[in-house]
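Scroll down for the structure; my scribbles are underneath it.
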Amino acid sequence: MKRKVPVARAIVVQSIRNKITLLKDLGLKTPDGSPDIKAVLNRYASEAASATSTSSLFGIEGIAIREYYMGLKEIIPSAFAFNGRTRHPPKDPFNALLSYGY
């Protein structure tokens with residue numbers, strides 16, 4: 001049990017960093033006046049790195065995932081009408097692709 005939080009912390013931090021890398025690779029540009037999603041995700045990665053419980057990690061991870069999908073929304077062509085993550089059933093073609101990919 002002593003290793004539960006450190007292992008969970010490492011997984012969450014790396015997951016957030018992977019999301020940042022993907023958004024950079026996909027060419028996310030921050031619109032004027034909008035928060036820099038990559039900077040926000042970096043802040044959550046830092047918070048996760050110092051989290052002391054799995055419950056706080058779950059909260060940080062959930063918020064980071066929401067921000068990540070906001071970033072994806074900026075990149076995805078409007079023809080896909082992606083407004084955020086939906087499942088069971090996916091409500092648009094992009095969510096269907098995400099579900100298939102996962």
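We name chains A, B, ... following the order of the structure tokens; residues begin at 1 in each chain, and ligands are numbered from 1 as shown.
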Could you pull out the residues in segment 4-58 of chain A that DSSP calls alpha helix (DSSP H) from the backbone, as an MDAnalysis selection string?
chainID A and resid 4:25 37:49 54:58
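Atom CA of Val13 of chain A to atom CA of Glu74 of chain A spans 23.0 Å [interatomic distance, one decimal].
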Please provide as a ChimeraX atom specification all residues within 7 Å of segment 54-68 of chain A, with the sequence filter that same-chain residues fewer than 6 positions apart are discarded (counting only C-alpha atoms).
/A:5,8-9,12,16,19,37,41,44,48
Residues of the last selection are to be written out with all heavy atoms, as a PDB file, in the first residue's frame.
ATOM      1  N   VAL A   5       0.148   5.480  -3.886  1.00  0.00           N
ATOM      2  CA  VAL A   5       0.097   6.892  -4.270  1.00  0.00           C
ATOM      3  C   VAL A   5       1.255   7.260  -5.200  1.00  0.00           C
ATOM      4  O   VAL A   5       1.024   7.897  -6.236  1.00  0.00           O
ATOM      5  CB  VAL A   5       0.029   7.819  -3.037  1.00  0.00           C
ATOM      6  CG1 VAL A   5       0.165   9.284  -3.433  1.00  0.00           C
ATOM      7  CG2 VAL A   5      -1.285   7.599  -2.285  1.00  0.00           C
ATOM      8  N   ALA A   8       0.430   5.790  -8.660  1.00  0.00           N
ATOM      9  CA  ALA A   8      -0.694   6.523  -9.250  1.00  0.00           C
ATOM     10  C   ALA A   8      -0.254   7.924  -9.674  1.00  0.00           C
ATOM     11  O   ALA A   8      -0.632   8.399 -10.752  1.00  0.00           O
ATOM     12  CB  ALA A   8      -1.853   6.606  -8.263  1.00  0.00           C
ATOM     13  N   ARG A   9       0.548   8.559  -8.848  1.00  0.00           N
ATOM     14  CA  ARG A   9       1.054   9.902  -9.156  1.00  0.00           C
ATOM     15  C   ARG A   9       1.855   9.876 -10.456  1.00  0.00           C
ATOM     16  O   ARG A   9       1.663  10.712 -11.338  1.00  0.00           O
ATOM     17  CB  ARG A   9       1.920  10.401  -7.998  1.00  0.00           C
ATOM     18  CG  ARG A   9       2.394  11.818  -8.165  1.00  0.00           C
ATOM     19  CD  ARG A   9       3.337  12.256  -7.047  1.00  0.00           C
ATOM     20  NE  ARG A   9       2.809  12.006  -5.722  1.00  0.00           N
ATOM     21  CZ  ARG A   9       3.459  11.325  -4.772  1.00  0.00           C
ATOM     22  NH1 ARG A   9       4.661  10.826  -4.997  1.00  0.00           N
ATOM     23  NH2 ARG A   9       2.921  11.147  -3.587  1.00  0.00           N
ATOM     24  N   VAL A  12      -0.513   9.441 -13.509  1.00  0.00           N
ATOM     25  CA  VAL A  12      -1.301  10.634 -13.817  1.00  0.00           C
ATOM     26  C   VAL A  12      -0.418  11.738 -14.401  1.00  0.00           C
ATOM     27  O   VAL A  12      -0.785  12.366 -15.399  1.00  0.00           O
ATOM     28  CB  VAL A  12      -2.070  11.130 -12.569  1.00  0.00           C
ATOM     29  CG1 VAL A  12      -2.705  12.489 -12.820  1.00  0.00           C
ATOM     30  CG2 VAL A  12      -3.133  10.120 -12.165  1.00  0.00           C
ATOM     31  N   ILE A  16      -0.867  13.267 -18.236  1.00  0.00           N
ATOM     32  CA  ILE A  16      -1.077  14.690 -18.536  1.00  0.00           C
ATOM     33  C   ILE A  16       0.019  15.190 -19.476  1.00  0.00           C
ATOM     34  O   ILE A  16      -0.257  15.910 -20.440  1.00  0.00           O
ATOM     35  CB  ILE A  16      -1.142  15.528 -17.245  1.00  0.00           C
ATOM     36  CG1 ILE A  16      -2.374  15.130 -16.426  1.00  0.00           C
ATOM     37  CG2 ILE A  16      -1.169  17.027 -17.572  1.00  0.00           C
ATOM     38  CD1 ILE A  16      -2.410  15.730 -15.022  1.00  0.00           C
ATOM     39  N   LYS A  19      -0.690  14.195 -22.976  1.00  0.00           N
ATOM     40  CA  LYS A  19      -1.741  15.018 -23.568  1.00  0.00           C
ATOM     41  C   LYS A  19      -1.168  16.353 -24.062  1.00  0.00           C
ATOM     42  O   LYS A  19      -1.533  16.837 -25.134  1.00  0.00           O
ATOM     43  CB  LYS A  19      -2.872  15.242 -22.563  1.00  0.00           C
ATOM     44  CG  LYS A  19      -3.706  13.993 -22.320  1.00  0.00           C
ATOM     45  CD  LYS A  19      -4.626  14.171 -21.132  1.00  0.00           C
ATOM     46  CE  LYS A  19      -5.530  12.992 -20.891  1.00  0.00           C
ATOM     47  NZ  LYS A  19      -4.952  11.676 -20.977  1.00  0.00           N
ATOM     48  N   ILE A  37      -4.103  26.340 -22.976  1.00  0.00           N
ATOM     49  CA  ILE A  37      -4.471  25.024 -22.457  1.00  0.00           C
ATOM     50  C   ILE A  37      -3.239  24.210 -22.092  1.00  0.00           C
ATOM     51  O   ILE A  37      -3.227  23.505 -21.084  1.00  0.00           O
ATOM     52  CB  ILE A  37      -5.388  24.290 -23.454  1.00  0.00           C
ATOM     53  CG1 ILE A  37      -6.720  25.032 -23.535  1.00  0.00           C
ATOM     54  CG2 ILE A  37      -5.597  22.828 -23.045  1.00  0.00           C
ATOM     55  CD1 ILE A  37      -7.641  24.583 -24.632  1.00  0.00           C
ATOM     56  N   LEU A  41      -2.514  22.635 -18.485  1.00  0.00           N
ATOM     57  CA  LEU A  41      -2.207  21.222 -18.277  1.00  0.00           C
ATOM     58  C   LEU A  41      -0.871  21.047 -17.559  1.00  0.00           C
ATOM     59  O   LEU A  41      -0.731  20.158 -16.714  1.00  0.00           O
ATOM     60  CB  LEU A  41      -2.218  20.469 -19.608  1.00  0.00           C
ATOM     61  CG  LEU A  41      -3.599  20.259 -20.231  1.00  0.00           C
ATOM     62  CD1 LEU A  41      -3.474  19.627 -21.611  1.00  0.00           C
ATOM     63  CD2 LEU A  41      -4.477  19.406 -19.335  1.00  0.00           C
ATOM     64  N   TYR A  44      -1.524  21.445 -13.958  1.00  0.00           N
ATOM     65  CA  TYR A  44      -2.137  20.258 -13.366  1.00  0.00           C
ATOM     66  C   TYR A  44      -1.138  19.111 -13.229  1.00  0.00           C
ATOM     67  O   TYR A  44      -1.215  18.340 -12.274  1.00  0.00           O
ATOM     68  CB  TYR A  44      -3.376  19.816 -14.148  1.00  0.00           C
ATOM     69  CG  TYR A  44      -4.540  20.757 -13.914  1.00  0.00           C
ATOM     70  CD1 TYR A  44      -5.134  21.432 -14.958  1.00  0.00           C
ATOM     71  CD2 TYR A  44      -5.020  20.988 -12.627  1.00  0.00           C
ATOM     72  CE1 TYR A  44      -6.187  22.304 -14.737  1.00  0.00           C
ATOM     73  CE2 TYR A  44      -6.067  21.858 -12.398  1.00  0.00           C
ATOM     74  CZ  TYR A  44      -6.643  22.506 -13.454  1.00  0.00           C
ATOM     75  OH  TYR A  44      -7.681  23.383 -13.232  1.00  0.00           O
ATOM     76  N   ALA A  48      -0.361  17.330  -9.765  1.00  0.00           N
ATOM     77  CA  ALA A  48      -0.404  15.872  -9.631  1.00  0.00           C
ATOM     78  C   ALA A  48       0.914  15.342  -9.066  1.00  0.00           C
ATOM     79  O   ALA A  48       0.922  14.409  -8.263  1.00  0.00           O
ATOM     80  CB  ALA A  48      -0.704  15.222 -10.980  1.00  0.00           C
TER      81      ALA A  48
END
Top pick for closest residue to Met70 of chain A, considering A:Arg43, A:Leu23, A:Pro89, A:Ser53 and counting only C-alpha atoms
A:Leu23
Residue neighbourhood Ile75 of chain A, 10 Å, only C-alpha atoms, exclusion window fewer than 4 positions, as a list in words:
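Everything that qualifies: Leu23, Leu26, Gly27, Leu28, Lys29, Tyr69, Met70, Gly71 and Phe82 of chain A.
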Written selection (N, CA and C atoms) as a tab-separated table (two decimals), in the first residue's frame:
chain	number	residue	atom	x	y	z
A	23	LEU	N	-1.17	17.62	-27.99
A	23	LEU	CA	-1.73	18.92	-28.40
A	23	LEU	C	-0.67	19.75	-29.13
A	26	LEU	N	-0.17	18.25	-32.61
A	26	LEU	CA	-1.31	18.53	-33.48
A	26	LEU	C	-1.40	20.01	-33.85
A	27	GLY	N	-0.54	20.83	-33.27
A	27	GLY	CA	-0.47	22.23	-33.64
A	27	GLY	C	-1.48	23.13	-32.96
A	28	LEU	N	-1.84	22.82	-31.71
A	28	LEU	CA	-2.78	23.68	-30.99
A	28	LEU	C	-2.21	25.08	-30.85
A	29	LYS	N	-2.97	26.04	-31.29
A	29	LYS	CA	-2.63	27.45	-31.13
A	29	LYS	C	-3.64	28.05	-30.16
A	69	TYR	N	-9.73	17.93	-23.61
A	69	TYR	CA	-10.78	17.89	-24.62
A	69	TYR	C	-11.15	19.28	-25.13
A	70	MET	N	-11.01	20.28	-24.28
A	70	MET	CA	-11.21	21.66	-24.74
A	70	MET	C	-10.16	22.01	-25.79
A	71	GLY	N	-8.93	21.56	-25.57
A	71	GLY	CA	-7.87	21.78	-26.55
A	71	GLY	C	-8.14	21.04	-27.85
A	82	PHE	N	-17.41	18.51	-32.83
A	82	PHE	CA	-16.95	17.99	-31.54
A	82	PHE	C	-17.11	19.06	-30.48
Distance atom CA of Ala45 of chain A-atom CA of Arg17 of chain A, one decimal place?
6.9 Å
Residues within 12 Å of Tyr100 of chain A, please, as a short mmCIF file (atom, residue, chain, number, x, y, z; two decimals) with N, CA, C and O atoms, in the first residue's frame. Count only C-alpha atoms; anything in the same chain fewer than 4 positions from it doesn't count.
data_model
loop_
_atom_site.label_atom_id
_atom_site.label_comp_id
_atom_site.auth_asym_id
_atom_site.auth_seq_id
_atom_site.Cartn_x
_atom_site.Cartn_y
_atom_site.Cartn_z
N ARG A 87 -19.98 9.49 -24.41
CA ARG A 87 -19.89 8.05 -24.63
C ARG A 87 -21.26 7.42 -24.37
O ARG A 87 -22.14 8.03 -23.82
N HIS A 88 -21.36 6.18 -24.75
CA HIS A 88 -22.52 5.31 -24.45
C HIS A 88 -23.85 5.93 -24.80
O HIS A 88 -24.66 6.17 -23.92
N PRO A 89 -24.21 6.20 -25.98
CA PRO A 89 -23.42 6.10 -27.21
C PRO A 89 -22.72 7.43 -27.50
O PRO A 89 -23.14 8.48 -27.02
N PRO A 90 -21.68 7.39 -28.33
CA PRO A 90 -21.05 8.65 -28.75
C PRO A 90 -22.05 9.48 -29.54
O PRO A 90 -22.84 8.95 -30.31
N PRO A 93 -19.44 12.03 -34.74
CA PRO A 93 -18.43 11.18 -35.38
C PRO A 93 -17.07 11.18 -34.66
O PRO A 93 -16.43 10.14 -34.56
N PHE A 94 -16.65 12.31 -34.14
CA PHE A 94 -15.35 12.35 -33.48
C PHE A 94 -15.36 11.53 -32.19
O PHE A 94 -14.41 10.81 -31.89
N ASN A 95 -16.43 11.62 -31.42
CA ASN A 95 -16.53 10.80 -30.21
C ASN A 95 -16.59 9.32 -30.55
O ASN A 95 -16.06 8.49 -29.82
N ALA A 96 -17.22 8.98 -31.66
CA ALA A 96 -17.24 7.58 -32.10
C ALA A 96 -15.81 7.12 -32.41
O ALA A 96 -15.42 6.01 -32.04
#
